[in-house]
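Q: Structure supplied as target_10.txt; contents: compact mmCIF, C-alpha atoms.
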```txt
# COMPACT_ATOMS: atom_id res chain seq x y z
CA MET A 993 120.68 69.21 59.36
CA THR A 994 123.38 71.76 58.56
CA VAL A 995 121.61 72.73 55.33
CA ILE A 996 118.33 73.25 57.19
CA LEU A 997 120.04 75.46 59.78
CA GLU A 998 121.74 77.50 57.08
CA GLN A 999 118.43 77.96 55.28
CA ALA A 1000 116.73 79.03 58.51
CA MET A 1001 119.51 81.50 59.26
CA GLY A 1002 119.32 82.86 55.72
CA THR A 1003 115.57 83.31 56.03
CA ALA A 1004 115.94 85.08 59.39
CA GLU A 1005 118.58 87.43 57.98
CA ARG A 1006 116.45 88.22 54.95
CA ARG A 1007 113.48 89.03 57.20
CA ARG A 1008 115.68 91.23 59.37
CA ARG A 1009 116.87 93.17 56.31
CA GLU A 1010 113.32 93.51 55.01
CA ALA A 1011 112.12 94.77 58.39
CA GLU A 1012 114.93 97.32 58.56
CA HIS A 1013 114.20 98.46 55.01
CA ARG A 1014 110.54 98.90 55.91
CA ARG A 1015 111.49 100.79 59.06
CA GLN A 1016 113.72 103.19 57.11
CA SER A 1017 110.95 103.71 54.55
CA ILE A 1018 108.57 104.64 57.36
CA LEU A 1019 111.08 107.09 58.81
CA ALA A 1020 111.56 108.69 55.39
CA ALA A 1021 107.80 109.09 55.07
CA ALA A 1022 107.56 110.51 58.59
CA ARG A 1023 110.29 113.01 57.72
CA ARG A 1024 108.31 114.29 54.75
CA VAL A 1025 105.06 114.55 56.72
CA PHE A 1026 106.60 116.21 59.77
CA TRP A 1027 108.51 118.66 57.58
CA GLN A 1028 105.27 119.60 55.78
CA GLN A 1029 102.72 119.42 58.60
CA GLY A 1030 104.75 120.01 61.74
CA TYR A 1031 104.46 117.96 64.90
CA SER A 1032 100.92 119.03 65.76
CA GLY A 1033 99.56 118.61 62.24
CA ALA A 1034 101.11 115.23 61.46
CA THR A 1035 99.07 112.06 62.01
CA MET A 1036 99.82 108.37 61.79
CA PRO A 1037 97.30 107.86 58.94
CA GLN A 1038 99.10 110.60 56.96
CA ILE A 1039 102.45 108.93 57.55
CA ALA A 1040 101.05 105.52 56.63
CA ALA A 1041 99.64 106.93 53.38
CA GLU A 1042 102.97 108.59 52.58
CA ALA A 1043 104.76 105.27 53.20
CA GLU A 1044 102.10 103.45 51.13
CA LEU A 1045 101.26 101.19 54.06
CA ALA A 1046 98.13 100.26 55.94
CA PRO A 1047 97.96 102.15 59.27
CA GLY A 1048 97.99 98.83 61.12
CA THR A 1049 101.34 97.93 59.53
CA LEU A 1050 102.81 101.22 60.70
CA TYR A 1051 101.95 100.39 64.30
CA LEU A 1052 103.90 97.15 64.04
CA TYR A 1053 107.06 99.28 63.82
CA PHE A 1054 106.23 102.36 65.89
CA PRO A 1055 103.59 102.69 68.64
CA GLY A 1056 102.65 106.24 67.65
CA LYS A 1057 103.78 109.49 66.10
CA ASP A 1058 105.67 110.46 69.25
CA ALA A 1059 107.95 107.46 68.79
CA LEU A 1060 108.56 108.42 65.17
CA TYR A 1061 109.22 112.01 66.18
CA VAL A 1062 111.86 111.00 68.70
CA GLU A 1063 113.60 108.85 66.07
CA LEU A 1064 113.94 111.97 63.91
CA LEU A 1065 115.17 113.96 66.89
CA VAL A 1066 117.88 111.37 67.44
CA GLU A 1067 118.84 111.57 63.76
CA GLY A 1068 119.18 115.34 64.09
CA TYR A 1069 121.34 115.12 67.19
CA ASP A 1070 123.56 112.54 65.51
CA LEU A 1071 124.14 114.95 62.62
CA LEU A 1072 124.93 117.82 64.98
CA LEU A 1073 127.15 115.66 67.18
CA GLY A 1074 129.17 114.48 64.21
CA ARG A 1075 129.84 118.06 63.14
CA LEU A 1076 130.71 119.22 66.66
CA GLU A 1077 133.12 116.34 67.22
CA LYS A 1078 134.85 117.01 63.92
CA THR A 1079 135.22 120.69 64.81
CA ALA A 1080 136.50 119.94 68.31
CA LYS A 1081 139.37 117.89 66.85
CA GLN A 1082 140.78 120.90 65.03
CA GLU A 1083 144.06 122.31 66.26
CA GLY A 1084 144.16 125.76 67.75
CA ALA A 1085 143.72 127.73 70.94
CA PRO A 1086 140.58 126.96 72.98
CA SER A 1087 139.08 130.31 72.00
CA GLU A 1088 139.57 129.46 68.32
CA VAL A 1089 137.97 126.05 68.81
CA GLY A 1090 135.13 127.70 70.73
CA SER A 1091 134.58 130.12 67.87
CA SER A 1092 134.50 127.25 65.39
CA LEU A 1093 132.04 125.29 67.54
CA ILE A 1094 129.64 128.25 67.51
CA ASP A 1095 130.03 128.53 63.74
CA THR A 1096 129.31 124.81 63.50
CA PHE A 1097 126.10 125.21 65.48
CA PHE A 1098 124.90 128.03 63.23
CA GLY A 1099 126.01 126.10 60.15
CA PHE A 1100 123.96 123.09 61.23
CA ALA A 1101 120.90 125.33 61.62
CA ARG A 1102 121.39 126.67 58.09
CA ASP A 1103 122.08 123.31 56.46
CA PHE A 1104 119.42 121.28 58.28
CA PRO A 1105 116.64 123.73 59.20
CA GLU A 1106 114.00 121.00 59.46
CA TYR A 1107 116.07 118.94 61.87
CA PHE A 1108 116.97 122.05 63.85
CA ASP A 1109 113.32 123.03 64.17
CA ILE A 1110 112.15 119.65 65.48
CA MET A 1111 115.15 119.28 67.82
CA PHE A 1112 114.46 122.55 69.57
CA PHE A 1113 110.68 122.55 69.17
CA VAL A 1114 110.34 120.12 72.07
CA LEU A 1115 112.62 122.14 74.34
CA GLN A 1116 110.88 125.40 73.43
CA ARG A 1117 107.29 124.13 73.62
CA GLU A 1118 107.42 121.54 76.36
CA GLN A 1119 109.80 122.89 79.01
CA GLY A 1120 109.37 120.69 82.04
CA GLY A 1121 107.83 117.25 81.77
CA TRP A 1122 107.90 117.01 77.98
CA GLU A 1123 109.52 113.57 78.17
CA ALA A 1124 106.29 112.12 79.59
CA ASN A 1125 104.88 112.16 76.04
CA PHE A 1126 107.53 109.81 74.66
CA PRO A 1127 108.63 106.19 75.24
CA ALA A 1128 111.19 105.99 78.07
CA GLU A 1129 113.76 104.06 76.00
CA GLN A 1130 113.67 106.69 73.28
CA VAL A 1131 113.90 109.54 75.77
CA GLU A 1132 117.05 107.93 77.16
CA ARG A 1133 118.56 107.72 73.68
CA LEU A 1134 117.64 111.33 72.98
CA GLU A 1135 119.07 112.58 76.27
CA ALA A 1136 122.26 110.61 75.63
CA ARG A 1137 122.71 112.36 72.26
CA GLU A 1138 122.15 115.80 73.76
CA ALA A 1139 124.53 115.00 76.62
CA ALA A 1140 127.16 113.94 74.07
CA CYS A 1141 126.82 117.31 72.31
CA ARG A 1142 127.27 119.07 75.63
CA ARG A 1143 130.33 116.98 76.46
CA VAL A 1144 132.06 118.31 73.36
CA VAL A 1145 131.68 121.83 74.73
CA ALA A 1146 132.57 120.71 78.25
CA ALA A 1147 135.84 119.24 76.98
CA MET A 1148 136.77 122.61 75.50
CA LEU A 1149 135.95 124.37 78.79
CA ASP A 1150 138.03 121.78 80.65
CA ARG A 1151 141.02 122.74 78.54
CA ILE A 1152 140.96 126.25 79.96
CA GLY A 1153 140.06 125.15 83.49
CA TYR A 1154 136.79 127.06 83.40
CA GLY A 1155 135.14 127.11 86.82
CA THR A 1156 133.57 124.20 88.63
CA PRO A 1157 131.63 121.37 86.96
CA GLU A 1158 128.45 123.11 88.09
CA ALA A 1159 129.60 126.38 86.51
CA ARG A 1160 130.45 124.61 83.27
CA GLU A 1161 127.01 123.01 83.17
CA ALA A 1162 125.36 126.38 83.72
CA VAL A 1163 127.48 127.95 80.98
CA MET A 1164 126.66 125.17 78.53
CA SER A 1165 122.93 125.52 79.20
CA ALA A 1166 123.10 129.28 78.74
CA VAL A 1167 125.12 129.00 75.53
CA TRP A 1168 122.81 126.31 74.14
CA SER A 1169 119.71 128.43 74.84
CA MET A 1170 121.23 131.64 73.50
CA LEU A 1171 122.40 130.11 70.24
CA ALA A 1172 119.07 128.36 69.69
CA GLY A 1173 117.25 131.61 70.41
CA VAL A 1174 119.32 133.53 67.89
CA VAL A 1175 118.48 130.98 65.21
CA PHE A 1176 114.78 130.83 66.06
CA TYR A 1177 114.20 134.55 66.02
CA TRP A 1178 116.63 135.70 63.34
CA ARG A 1179 117.27 132.86 60.88
CA ASN A 1180 114.64 134.01 58.38
CA ARG A 1181 115.22 137.72 58.85
CA GLU A 1182 117.62 140.15 57.30
CA GLY A 1183 120.67 140.68 59.45
CA PHE A 1184 120.86 137.12 60.76
CA ASP A 1185 124.59 136.86 60.03
CA ALA A 1186 125.26 140.14 61.86
CA VAL A 1187 123.23 139.08 64.90
CA ALA A 1188 124.88 135.65 64.92
CA GLY A 1189 128.29 137.33 64.78
CA GLU A 1190 127.45 139.60 67.70
CA ALA A 1191 126.16 136.66 69.72
CA LYS A 1192 129.35 134.74 69.07
CA THR A 1193 131.49 137.70 70.13
CA LEU A 1194 129.56 138.12 73.37
CA LEU A 1195 129.80 134.43 74.21
CA LEU A 1196 133.51 134.23 73.50
CA ARG A 1197 134.20 137.28 75.65
CA ALA A 1198 132.08 135.89 78.47
CA VAL A 1199 133.88 132.55 78.45
CA PHE A 1200 137.43 133.46 77.44
CA GLY A 1201 137.68 137.12 78.41
CA GLY A 1202 140.81 138.60 76.93
CA LYS A 1203 142.26 135.24 75.97
```
Translate this file's structure into structure tokens.
A:
Amino acid sequence: MTVILEQAMGTAERRRREAEHRRQSILAAARRVFWQQGYSGATMPQIAAEAELAPGTLYLYFPGKDALYVELLVEGYDLLLGRLEKTAKQEGAPSEVGSSLIDTFFGFARDFPEYFDIMFFVLQREQGGWEANFPAEQVERLEAREAACRRVVAAMLDRIGYGTPEAREAVMSAVWSMLAGVVFYWRNREGFDAVAGEAKTLLLRAVFGGK
């Protein structure tokens, strides 16, 4: 009896590993297709072909391209969050940490342009009600990642006693939008570094004043 149970458990674990491997292969294929075709141009048949799977098999793992897209959004936020958290742990005055956090944001946009584009594509294109296109469970995961990124900034503002919680939320939204806008409109143009530097200076002065 014990041997049978062990064999059954071994089979279940092997199937779990195989399913996870297949899932990661699908995500890798989706990455390549979304990077090449964009959200609007990508289709499930294209992703299935890239993953060398029958379209029906793809739907066993993800109900549609929106679900795949959100998985990549979550990956992007995890990368950004990891960098922000590492930066926030650095020693220094709050203004120095704030400066480094802005540099980290711009650095993420340079190092992971594809992730940056899909992360902010939704916010730029679908302001208001965009989440209706995606599975609720995935939207919750995505919102949790974005909230975690914002909490890193909020913690820095808490250190200097900046305004009320409402004021901090407004500042974080404004900063988030401004930095994303700078990247969107200037990343591929000459003078991006200069514009990014000016934006950082303005933000630091607005938040820290003469500190």
Q: Restricting the calculation to all atoms listed in the file, which member of A:Met1164, A:Leu1196, A:Ala1101, A:Ile1018 is positioned closest to Leu1045 in chain A?
A: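 That would be A:Ile1018, the residue with the smallest distance to Leu1045 in chain A.
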Q: Tell me which of A:Val1131, A:Val1199, A:Met1111, A:Leu1072 sits closest to Val1144 in chain A, counting only C-alpha atoms.
A: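 Closest to Val1144 in chain A of all the choices is A:Leu1072.
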Q: Nearest residue to Leu1060 in chain A out of A:Arg1197, A:Arg1006, A:Lys1192, A:Arg1023, using all atoms listed in the file?
A: A:Arg1023
Q: May I ask for the distance between CA of Met1170 in chain A and CA of Glu1067 in chain A, given in Å to one decimal place?
A: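 These atoms are spaced 22.4 Å apart.
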Q: Restricting the calculation to all atoms listed in the file, which member of A:Gly1090, A:Val1062, A:Pro1047, A:Phe1026 is positioned closest to Thr1193 in chain A?
A: A:Gly1090
Q: Any idea what the distance is between CA of Phe1176 in chain A and CA of Ala1191 in chain A?
A: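 Rounded to one decimal, the two atoms are 13.3 Å apart.
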Q: Would you list the residues near (141.2, 134.4, 71.0) (no more than 10 Å away, in the coordinates of the file, using all atoms listed in the file) as number ranges by chain?
A: A: 1084-1091, 1196-1197, 1200-1203
Q: Near Tyr1031 in chain A, counting all atoms listed in the file, which residues have an atom at most 9 Å away, once you skip same-chain residues fewer than 4 positions from it, shown as a CSV table (one decimal) with C-alpha atoms, keeping the file's coordinate frame?
A:
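Result saved to out20.csv:
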```csv
chain,number,residue,atom,x,y,z
A,1025,VAL,CA,105.1,114.6,56.7
A,1026,PHE,CA,106.6,116.2,59.8
A,1027,TRP,CA,108.5,118.7,57.6
A,1035,THR,CA,99.1,112.1,62.0
A,1057,LYS,CA,103.8,109.5,66.1
A,1058,ASP,CA,105.7,110.5,69.2
A,1061,TYR,CA,109.2,112.0,66.2
A,1110,ILE,CA,112.2,119.6,65.5
A,1113,PHE,CA,110.7,122.6,69.2
```
Q: One decimal, Å: what's the distance from CA of Lys1078 in chain A over to CA of Phe1108 in chain A, could you say?
A: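 So the answer is 18.6 Å.
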Q: Can you work out which one of A:Ala1040, A:Val1167, A:Leu1073, A:Ala1128 has the shortest atom-to-atom distance to Arg1143 in chain A, counting all atoms listed in the file?
A: A:Leu1073
Q: Here's a test: counting all atoms listed in the file, identify every protein, DNA and RNA residue with an atom at most 8 Å from (132.7, 119.0, 67.4) in the file's coordinate frame, and state them as a list in words.
A: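 Every residue inside that radius is included here: Leu1073, Gly1074, Arg1075, Leu1076, Glu1077, Lys1078, Thr1079, Ala1080, Lys1081, Leu1093, Thr1096, Cys1141, Val1144 and Val1145 of chain A.
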Q: Skip Phe1098 in chain A itself and residues of its chain fewer than 6 positions away, then list as a PyMOL selection string all residues within 9 Å of it, counting all atoms listed in the file.
A: chain A and resi 1171-1172+1175+1188
Q: Please provide as JSON, numbers by chain all residues within 12 Å of range 1048-1055 of chain A, with the sequence filter that same-chain residues fewer than 4 positions apart are discarded (counting all atoms listed in the file).
A: {"A": [1011, 1012, 1013, 1014, 1015, 1016, 1017, 1018, 1019, 1021, 1022, 1035, 1036, 1037, 1038, 1039, 1040, 1041, 1042, 1043, 1044, 1059, 1060, 1061, 1062, 1063, 1126, 1127, 1130]}
Q: Taking all atoms listed in the file into account, which of A:Tyr1069, A:Tyr1177, A:Phe1112, A:Phe1097 comes nearest Ala1139 in chain A?
A: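 Selected residue with least distance to Ala1139 in chain A: A:Tyr1069.
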